[in-house]
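Q: Handing over target_21.txt, compact mmCIF, C-alpha atoms.
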# COMPACT_ATOMS: atom_id res chain seq x y z
CA MET O 1 107.61 55.72 64.29
CA ASN O 2 111.06 56.77 65.38
CA ALA O 3 111.83 59.77 67.55
CA GLY O 4 111.88 62.98 65.64
CA GLU O 5 109.86 61.62 62.80
CA LYS O 6 106.46 62.67 61.69
CA PRO O 7 103.80 61.22 59.49
CA PHE O 8 103.79 62.40 55.93
CA ALA O 9 100.33 63.42 54.86
CA MET O 10 99.60 61.93 51.46
CA THR O 11 96.43 62.40 49.54
CA GLY O 12 94.91 59.21 48.23
CA VAL O 13 97.30 56.85 50.06
CA ALA O 14 95.66 55.90 53.30
CA ALA O 15 97.65 52.86 54.34
CA ARG O 16 101.14 54.26 54.31
CA GLU O 17 103.15 56.81 56.20
CA ILE O 18 106.57 58.11 55.19
CA ALA O 19 108.72 59.30 58.06
CA LEU O 20 109.89 62.87 57.69
CA PRO O 21 112.49 64.40 59.99
CA SER O 22 111.07 67.21 62.14
CA GLU O 23 111.86 70.63 60.79
CA TRP O 24 114.02 73.08 62.72
CA ARG O 25 110.90 75.23 63.09
CA ASP O 26 109.34 72.46 65.16
CA PHE O 27 112.32 72.43 67.51
CA TRP O 28 112.13 76.20 67.69
CA ALA O 29 108.40 76.01 68.55
CA LEU O 30 109.26 73.51 71.28
CA THR O 31 111.20 76.23 73.11
CA LYS O 32 108.10 78.47 73.48
CA PRO O 33 109.81 81.52 71.92
CA ARG O 34 107.24 84.04 73.17
CA VAL O 35 107.68 82.96 76.79
CA MET O 36 111.43 82.99 76.21
CA SER O 37 111.32 86.65 75.18
CA LEU O 38 109.88 87.67 78.56
CA VAL O 39 112.41 85.47 80.37
CA VAL O 40 115.31 86.98 78.42
CA PHE O 41 114.08 90.50 79.02
CA THR O 42 113.62 90.12 82.80
CA ALA O 43 117.01 88.39 83.05
CA LEU O 44 118.62 91.23 81.11
CA CYS O 45 117.01 93.76 83.45
CA GLY O 46 118.35 91.84 86.45
CA LEU O 47 121.80 91.88 84.87
CA LEU O 48 121.63 95.62 84.07
CA ALA O 49 120.25 96.53 87.50
CA ALA O 50 123.10 94.76 89.30
CA PRO O 51 125.95 96.82 90.72
CA GLY O 52 129.38 96.28 89.21
CA SER O 53 130.23 95.35 85.67
CA ILE O 54 130.42 92.28 83.50
CA HIS O 55 132.32 91.81 80.26
CA PRO O 56 129.85 92.06 77.34
CA VAL O 57 130.83 88.62 76.04
CA ILE O 58 130.21 87.03 79.45
CA GLY O 59 126.99 89.02 79.88
CA PHE O 60 125.80 87.85 76.47
CA THR O 61 126.72 84.27 77.38
CA ALA O 62 124.74 84.52 80.63
CA ILE O 63 121.64 85.77 78.82
CA LEU O 64 122.07 83.14 76.11
CA CYS O 65 122.28 80.38 78.74
CA ILE O 66 119.15 81.70 80.46
CA ALA O 67 117.33 81.76 77.09
CA VAL O 68 118.46 78.24 76.23
CA ALA O 69 117.44 77.00 79.68
CA ALA O 70 114.00 78.58 79.21
CA GLY O 71 113.77 76.81 75.86
CA ALA O 72 114.80 73.54 77.50
CA SER O 73 112.10 73.96 80.14
CA GLY O 74 109.55 74.63 77.41
CA ALA O 75 110.61 71.49 75.53
CA LEU O 76 110.43 69.32 78.66
CA ASN O 77 107.05 70.83 79.47
CA GLN O 78 105.71 70.02 75.99
CA TRP O 79 107.20 66.54 76.14
CA TYR O 80 105.33 65.77 79.36
CA GLU O 81 102.11 67.57 78.45
CA SER O 82 101.60 66.42 74.88
CA ASP O 83 98.40 64.60 75.90
CA LEU O 84 96.99 67.76 77.49
CA ASP O 85 98.11 69.95 74.60
CA ALA O 86 96.26 67.71 72.17
CA LYS O 87 93.01 68.38 74.02
CA MET O 88 93.29 72.17 74.04
CA LYS O 89 92.56 74.36 71.01
CA ARG O 90 95.26 76.83 72.07
CA THR O 91 98.01 74.18 72.07
CA ALA O 92 96.79 71.48 69.67
CA LYS O 93 98.98 72.77 66.83
CA ARG O 94 102.23 72.38 68.78
CA PRO O 95 104.73 69.95 67.19
CA LEU O 96 103.96 66.97 69.45
CA PRO O 97 100.14 66.96 69.51
CA ALA O 98 100.12 67.81 65.79
CA GLY O 99 102.26 64.71 65.11
CA ARG O 100 105.16 66.60 63.59
CA MET O 101 107.62 65.27 66.17
CA GLY O 102 108.11 62.20 68.36
CA ARG O 103 108.08 62.52 72.17
CA ASP O 104 111.57 61.04 72.51
CA ALA O 105 113.01 63.73 70.27
CA ALA O 106 111.41 66.43 72.42
CA LEU O 107 112.75 64.84 75.61
CA GLN O 108 116.27 64.49 74.22
CA PHE O 109 116.21 68.04 72.90
CA GLY O 110 115.08 69.38 76.32
CA LEU O 111 117.68 67.40 78.27
CA ILE O 112 120.55 68.34 75.94
CA LEU O 113 119.65 72.04 76.07
CA SER O 114 119.34 71.85 79.89
CA GLY O 115 122.76 70.26 80.31
CA PHE O 116 124.36 72.60 77.80
CA SER O 117 122.96 75.80 79.33
CA VAL O 118 123.90 74.87 82.91
CA ALA O 119 127.39 73.67 81.99
CA VAL O 120 128.25 76.74 79.90
CA MET O 121 126.80 79.07 82.56
CA GLY O 122 128.97 77.41 85.21
CA LEU O 123 132.16 77.37 83.15
CA ALA O 124 131.85 80.81 81.55
CA VAL O 125 129.96 82.87 84.15
CA ASN O 126 129.78 81.46 87.68
CA TRP O 127 128.48 78.37 89.45
CA LEU O 128 125.92 80.22 91.59
CA SER O 129 124.14 81.33 88.42
CA ALA O 130 124.48 77.81 87.00
CA GLY O 131 123.01 76.29 90.18
CA LEU O 132 120.08 78.72 90.11
CA LEU O 133 119.56 77.97 86.42
CA ALA O 134 119.52 74.20 87.05
CA PHE O 135 117.10 74.70 89.94
CA SER O 136 114.74 76.82 87.82
CA ILE O 137 114.67 74.18 85.03
CA TRP O 138 113.96 71.46 87.60
CA PHE O 139 111.29 73.58 89.28
CA TYR O 140 109.46 74.25 86.00
CA ALA O 141 109.80 70.79 84.47
CA VAL O 142 109.31 68.66 87.57
CA VAL O 143 107.61 70.68 90.33
CA TYR O 144 105.25 72.69 88.10
CA THR O 145 104.73 70.48 85.05
CA MET O 146 104.79 67.01 86.61
CA TRP O 147 103.60 67.60 90.18
CA LEU O 148 101.47 70.70 90.42
CA LYS O 149 99.77 71.37 87.12
CA ARG O 150 97.39 68.42 87.18
CA ALA O 151 97.09 68.29 90.96
CA THR O 152 96.01 71.64 92.37
CA PRO O 153 94.39 74.96 91.41
CA GLN O 154 97.40 76.56 93.10
CA ASN O 155 99.54 75.19 90.25
CA ILE O 156 100.46 78.52 88.73
CA VAL O 157 100.83 80.24 92.11
CA ILE O 158 103.63 77.94 93.25
CA GLY O 159 104.81 77.18 89.71
CA GLY O 160 105.13 80.91 89.06
CA ALA O 161 108.37 80.79 91.00
CA ALA O 162 110.01 79.05 88.04
CA GLY O 163 109.39 82.05 85.79
CA ALA O 164 110.55 84.43 88.49
CA PHE O 165 114.14 83.20 88.61
CA PRO O 166 115.62 84.91 85.50
CA PRO O 167 116.25 88.37 87.07
CA ILE O 168 117.94 86.70 90.06
CA ILE O 169 120.14 84.69 87.71
CA GLY O 170 120.91 87.79 85.62
CA TRP O 171 121.90 89.63 88.80
CA ALA O 172 123.99 86.73 90.13
CA SER O 173 125.83 86.59 86.79
CA VAL O 174 127.27 90.02 87.54
CA THR O 175 127.70 89.99 91.31
CA GLY O 176 128.05 86.31 92.18
CA ASP O 177 125.53 86.81 95.00
CA VAL O 178 121.84 87.39 95.64
CA THR O 179 120.70 90.42 97.61
CA LEU O 180 117.40 92.15 98.42
CA LEU O 181 116.72 93.82 95.05
CA PRO O 182 116.87 90.63 92.94
CA ILE O 183 114.65 88.95 95.55
CA LEU O 184 112.17 91.82 95.10
CA MET O 185 112.35 91.36 91.32
CA PHE O 186 111.62 87.67 91.88
CA THR O 187 108.67 88.60 94.11
CA ILE O 188 107.21 90.97 91.52
CA ILE O 189 107.09 88.19 88.89
CA PHE O 190 105.94 85.62 91.44
CA LEU O 191 102.95 87.78 92.48
CA TRP O 192 102.28 88.93 88.91
CA THR O 193 101.89 85.36 87.63
CA PRO O 194 98.48 84.53 89.21
CA PRO O 195 96.61 87.60 87.87
CA HIS O 196 98.32 87.11 84.50
CA PHE O 197 97.49 83.42 84.13
CA TRP O 198 94.08 83.50 85.77
CA SER O 199 92.90 86.26 83.43
CA LEU O 200 93.92 83.96 80.56
CA ALA O 201 92.35 80.93 82.25
CA LEU O 202 89.03 82.78 82.53
CA PHE O 203 88.59 83.16 78.80
CA VAL O 204 90.09 79.78 77.81
CA ASN O 205 88.23 78.03 80.63
CA ALA O 206 86.55 75.56 78.25
CA ASP O 207 89.95 74.34 77.05
CA TYR O 208 91.21 73.71 80.58
CA THR O 209 87.94 72.06 81.60
CA GLU O 210 88.04 69.70 78.62
CA ALA O 211 91.67 68.83 79.27
CA GLY O 212 90.99 68.24 82.98
CA VAL O 213 93.53 70.79 84.18
CA PRO O 214 92.44 72.04 87.63
CA MET O 215 92.91 75.74 86.96
CA LEU O 216 91.23 78.02 89.49
CA PRO O 217 88.24 78.95 87.25
CA VAL O 218 87.63 75.25 86.55
CA VAL O 219 87.73 74.23 90.22
CA LYS O 220 86.40 77.30 92.08
CA GLY O 221 84.50 79.15 89.38
CA ARG O 222 84.81 82.53 87.71
CA ARG O 223 83.65 84.67 90.62
CA VAL O 224 86.31 83.33 93.00
CA THR O 225 88.97 83.63 90.29
CA ARG O 226 88.09 87.26 89.59
CA ARG O 227 88.30 88.02 93.31
CA GLN O 228 91.65 86.23 93.61
CA ILE O 229 93.02 88.24 90.68
CA LEU O 230 92.27 91.45 92.54
CA LEU O 231 93.59 90.05 95.84
CA TYR O 232 96.93 89.16 94.25
CA THR O 233 97.14 92.57 92.59
CA PHE O 234 97.62 94.35 95.93
CA PRO O 235 100.74 92.49 97.13
CA MET O 236 102.06 92.60 93.55
CA ILE O 237 101.79 96.41 93.57
CA ALA O 238 103.43 96.52 97.01
CA ALA O 239 106.33 94.46 95.68
CA ALA O 240 106.52 96.63 92.56
CA VAL O 241 106.92 99.90 94.49
CA ALA O 242 109.07 98.38 97.26
CA PRO O 243 112.43 98.98 95.52
CA SER O 244 111.83 102.74 95.67
CA LEU O 245 110.45 102.70 99.21
CA LEU O 246 113.49 100.73 100.39
CA GLY O 247 115.90 103.09 98.68
CA LEU O 248 116.97 100.59 96.03
CA ALA O 249 115.52 102.62 93.15
CA GLY O 250 114.86 106.29 92.55
CA THR O 251 112.00 108.68 91.77
CA LEU O 252 111.78 107.71 88.09
CA TYR O 253 110.97 104.15 89.04
CA LEU O 254 108.64 105.19 91.87
CA VAL O 255 106.51 107.41 89.63
CA GLY O 256 106.51 104.95 86.75
CA SER O 257 105.71 101.90 88.87
CA LEU O 258 102.88 103.73 90.65
CA ALA O 259 101.33 104.81 87.34
CA LEU O 260 101.68 101.35 85.74
CA SER O 261 100.39 99.63 88.88
CA GLY O 262 97.43 102.02 89.07
CA VAL O 263 96.34 100.95 85.58
CA PHE O 264 96.82 97.28 86.57
CA LEU O 265 94.60 97.84 89.62
CA ILE O 266 91.86 99.52 87.57
CA LEU O 267 91.88 96.68 85.04
CA SER O 268 91.69 94.12 87.87
CA VAL O 269 88.69 95.93 89.36
CA LEU O 270 87.02 95.88 85.93
CA VAL O 271 87.62 92.13 85.78
CA LEU O 272 86.01 91.74 89.21
CA ALA O 273 83.03 93.81 88.07
CA ASN O 274 82.56 91.70 84.94
CA LYS O 275 79.91 88.99 85.30
CA ALA O 276 80.29 87.41 81.85
CA GLU O 277 80.29 83.63 81.69
CA GLU O 278 81.25 83.32 78.01
CA PRO O 279 84.62 84.29 76.46
CA SER O 280 82.85 86.68 74.06
CA GLY O 281 81.91 88.88 77.04
CA MET O 282 85.36 88.77 78.65
CA LYS O 283 86.93 91.89 77.22
CA PRO O 284 88.16 93.04 80.66
CA GLU O 285 89.95 89.70 81.17
CA LYS O 286 91.55 89.85 77.72
CA ARG O 287 92.57 93.46 78.35
CA LEU O 288 94.14 92.59 81.71
CA PHE O 289 95.99 89.63 80.19
CA THR O 290 97.46 91.77 77.40
CA TYR O 291 98.27 94.65 79.73
CA SER O 292 99.92 92.36 82.29
CA ILE O 293 102.57 91.41 79.72
CA LEU O 294 103.23 95.06 78.89
CA TYR O 295 103.25 95.87 82.62
CA LEU O 296 106.02 93.41 83.39
CA PHE O 297 108.11 94.60 80.45
CA LEU O 298 107.75 98.25 81.47
CA ILE O 299 108.26 97.74 85.21
CA PHE O 300 111.51 95.88 84.63
CA ALA O 301 112.68 98.29 81.93
CA LEU O 302 112.03 101.20 84.30
CA LEU O 303 113.86 99.51 87.15
CA ALA O 304 116.90 98.76 85.00
CA ALA O 305 116.88 102.30 83.54
CA ASP O 306 116.53 103.87 86.97
CA ARG O 307 119.40 101.84 88.38
CA MET O 308 121.63 102.60 85.37
CA ILE O 309 120.89 106.35 85.58
CA GLY O 310 121.50 106.34 89.34
CA ALA O 311 124.69 104.29 89.10
CA MET D 1 111.55 41.59 54.29
CA THR D 2 109.34 44.21 52.71
CA ASP D 3 106.31 45.46 54.58
CA PRO D 4 103.30 44.68 52.35
CA GLY D 5 101.95 48.19 53.07
CA GLU D 6 105.13 49.83 51.91
CA ARG D 7 105.96 51.27 48.54
CA PRO D 8 108.91 53.31 47.36
CA PRO D 9 108.56 57.03 48.11
CA THR D 10 107.37 59.17 45.27
CA LEU D 11 109.60 61.80 43.73
CA GLU D 12 107.73 64.53 45.58
CA GLU D 13 108.11 62.72 48.93
CA SER D 14 111.83 62.21 48.40
CA ARG D 15 112.20 65.86 47.49
CA ARG D 16 110.43 66.91 50.69
CA VAL D 17 112.51 64.57 52.86
CA ARG D 18 115.72 65.95 51.33
CA ALA D 19 114.53 69.55 51.68
CA GLY D 20 113.73 68.95 55.36
CA GLN D 21 117.13 67.34 56.01
CA GLN D 22 118.90 70.13 54.16
CA SER D 23 117.08 72.80 56.16
CA ARG D 24 117.96 71.11 59.48
CA ALA D 25 121.57 70.64 58.44
CA ASN D 26 121.86 74.33 57.49
CA VAL D 27 120.46 75.50 60.81
CA LEU D 28 122.71 73.11 62.72
CA ALA D 29 125.75 74.38 60.80
CA VAL D 30 124.90 77.99 61.69
CA VAL D 31 124.42 77.04 65.35
CA LEU D 32 127.75 75.18 65.47
CA VAL D 33 129.68 78.05 63.86
CA ALA D 34 128.04 80.52 66.25
CA LEU D 35 128.99 78.32 69.22
CA ALA D 36 132.57 78.04 68.01
CA VAL D 37 132.80 81.83 67.75
CA LEU D 38 131.21 82.23 71.20
CA PHE D 39 133.55 79.74 72.88
CA PHE D 40 136.51 81.41 71.21
CA ALA D 41 135.38 84.82 72.51
CA ILE D 42 134.81 83.44 76.01
CA THR D 43 138.28 81.91 76.01
CA VAL D 44 139.86 85.19 74.88
CA VAL D 45 138.03 87.08 77.63
CA LYS D 46 138.96 84.56 80.32
CA VAL D 47 142.58 84.14 79.26
CA GLY D 48 142.94 87.86 78.67
CA GLY D 49 142.19 88.50 82.33
CA TRP D 50 139.17 90.74 81.76
CA LEU D 51 137.36 89.06 84.61
Can the structure in the file be given as structure tokens, please?
A:
Amino acid sequence: MNAGEKPFAMTGVAAREIALPSEWRDFWALTKPRVMSLVVFTALCGLLAAPGSIHPVIGFTAILCIAVAAGASGALNQWYESDLDAKMKRTAKRPLPAGRMGRDAALQFGLILSGFSVAVMGLAVNWLSAGLLAFSIWFYAVVYTMWLKRATPQNIVIGGAAGAFPPIIGWASVTGDVTLLPILMFTIIFLWTPPHFWSLALFVNADYTEAGVPMLPVVKGRRVTRRQILLYTFPMIAAAVAPSLLGLAGTLYLVGSLALSGVFLILSVLVLANKAEEPSGMKPEKRLFTYSILYLFLIFALLAADRMIGA
Amino acid sequence: MTDPGERPPTLEESRRVRAGQQSRANVLAVVLVALAVLFFAITVVKVGGWL
């Protein structure tokens, strides 16, 4: 079957397949739109928190390039991991494992989007942002997806760096440099990633085990994972309140980040206290996973708002 | 040479293939027009000396 084609399901005709072109929805699904929304939001907050100004058209272009690059990373990730995705309930319906798209089409789509996003970022915004964007795509597609994911339980710890780049790139789009605050924003996402992903990994452990992905709960067990979630929560909270303590954000952010982080800490303690072995008993893990997404949105929104009010 | 397993597509299959192609072509057209507008706006901003 050619790239981009999919089998046509026909009732009563077993011996024949008609090639259908993949639908645009399949290409859209390849970009992992839900992950992209978090990437776009954190990048936007980095852009808004930066000192100075940027023309709205150029700012929009920067965010668009970051979104397209995130989509490209998602496509390259799904291209490489189609065998794993087919084994996991959570991902089995994606275009590649479901047979709605050929692997070559996914690879070409990912590479074209990567090249496009980096080139436009460089030409329209600045080449520092373009370089960081190219690095983040490479880090996610090669370092995380190809090297780390199947090799070590630290996969999402190191790989988390890839998802932490957007606020730095958003900032660099405005200023053309990288200073302490964007590095702190990077650190917040970097340290947030392990509790976020490990809480998910706890209740989809069977999927990861079956697929042979060495996530922490698979390799070290649930007790160690729950402890690690709490251990990562402390430096994450320190990074979250650091902008205020270092004078880079004001009281609004300090109060908000302390309150949001306090809830995160309580939920992490509840995860540690939970002894459930089956997903049905993992309400604390599911709650922490859901809250962690809200937490990141709110922390970054607060930081951007605080900086804009104080500007 | 004709594959012995092959047969001409049914009317319904042809209709679905065409509908899929049409849908992709429409989305691509929207994307291309949007890109043209974006590149025009970027050019105006750059040439206009706003940066």
Q: Skipping near chain neighbours, those fewer than 6 positions away, what residues fall within 10 Å of Ile183 (chain O) using only C-alpha atoms, listed as a ChimeraX atom specification?
A: /O:164-165,167-168,171,239
Q: For chain D, which of O:Leu76, O:Val174, O:Ala106, O:Leu132 is the closest residue, counting all atoms listed in the file?
A: O:Val174
Q: For chain O, which residue among D:Leu11, D:Val31, D:Ala36, D:Arg16 is the nearest when counting only C-alpha atoms?
A: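 The answer is D:Arg16, which sits nearest to chain O.
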Q: Between CA of Leu107 (chain O) and CA of Trp79 (chain O), what is the distance, to one decimal in Å?
A: 5.8 Å
Q: Any idea what's packed within 9 Å of Leu28 (chain D), counting only C-alpha atoms, ignoring anything in its chain fewer than 5 positions away? Could you give it as a PyMOL selection string?
A: (chain O and resi 24) or (chain D and resi 23+33)
Q: Print the selection's residues with C-alpha atoms to a file, as a PDB file, keeping the file's coordinate frame.
A:
ATOM      1  CA  TRP O  24     114.020  73.080  62.720  1.00  0.00           C
TER       2      TRP O  24
ATOM      3  CA  SER D  23     117.080  72.800  56.160  1.00  0.00           C
ATOM      4  CA  VAL D  33     129.680  78.050  63.860  1.00  0.00           C
TER       5      VAL D  33
END
Q: One decimal, Å: what's the distance from CA of Val224 (chain O) over to CA of Leu272 (chain O), could you say?
A: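 Distance reported for this atom pair: 9.2 Å.
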Q: Expressed in Å to a single decimal, how great is the separation between CA of Met236 (chain O) and CA of Leu270 (chain O)?
A: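 These two atoms are separated by 17.2 Å.
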Q: Please provide as a PyMOL selection string all residues within 12 Å of Thr31 (chain O), with the sequence filter that same-chain residues fewer than 2 positions apart are discarded (counting only C-alpha atoms).
A: chain O and resi 24-29+33-37+39+67-79+94-95+106-107+109-110+113-114
Q: So which residues touch Ile299 (chain O) within 8 Å, counting all atoms listed in the file, skipping near sequence neighbours fewer than 6 positions away, as a compact mmCIF listing (two decimals) with C-alpha atoms, in the coordinates of the input?
A:
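Once everything was written out, this is out.txt:
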# COMPACT_ATOMS: atom_id res chain seq x y z
CA ALA O 240 106.52 96.63 92.56
CA TYR O 253 110.97 104.15 89.04
CA GLY O 256 106.51 104.95 86.75
CA SER O 257 105.71 101.90 88.87
CA LEU O 260 101.68 101.35 85.74
Q: Would you mind listing what lies within 6 Å of region 193-210 of chain O as a list in words, with all atoms listed in the file counted and same-chain residues fewer than 2 positions away left out?
A: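 Once the adjacent positions are removed, what remains is Met88, Val157, Gly160, Phe190, Leu191, Gly212, Val213, Val218, Ile229, Pro279, Glu285, Phe289 and Ser292 of chain O.
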Q: For chain O, which residue among D:Pro8, D:Ala34, D:Gly20, D:Ala25 is the nearest when counting all atoms listed in the file?
A: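 Distance minimum relative to chain O lands on D:Gly20.
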Q: I'd like to know which of O:Ser22, O:Arg287, O:Gly163, O:Arg307 is closest to Gly99 (chain O), using only C-alpha atoms.
A: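 Of all the options, O:Ser22 lies closest to Gly99 (chain O).
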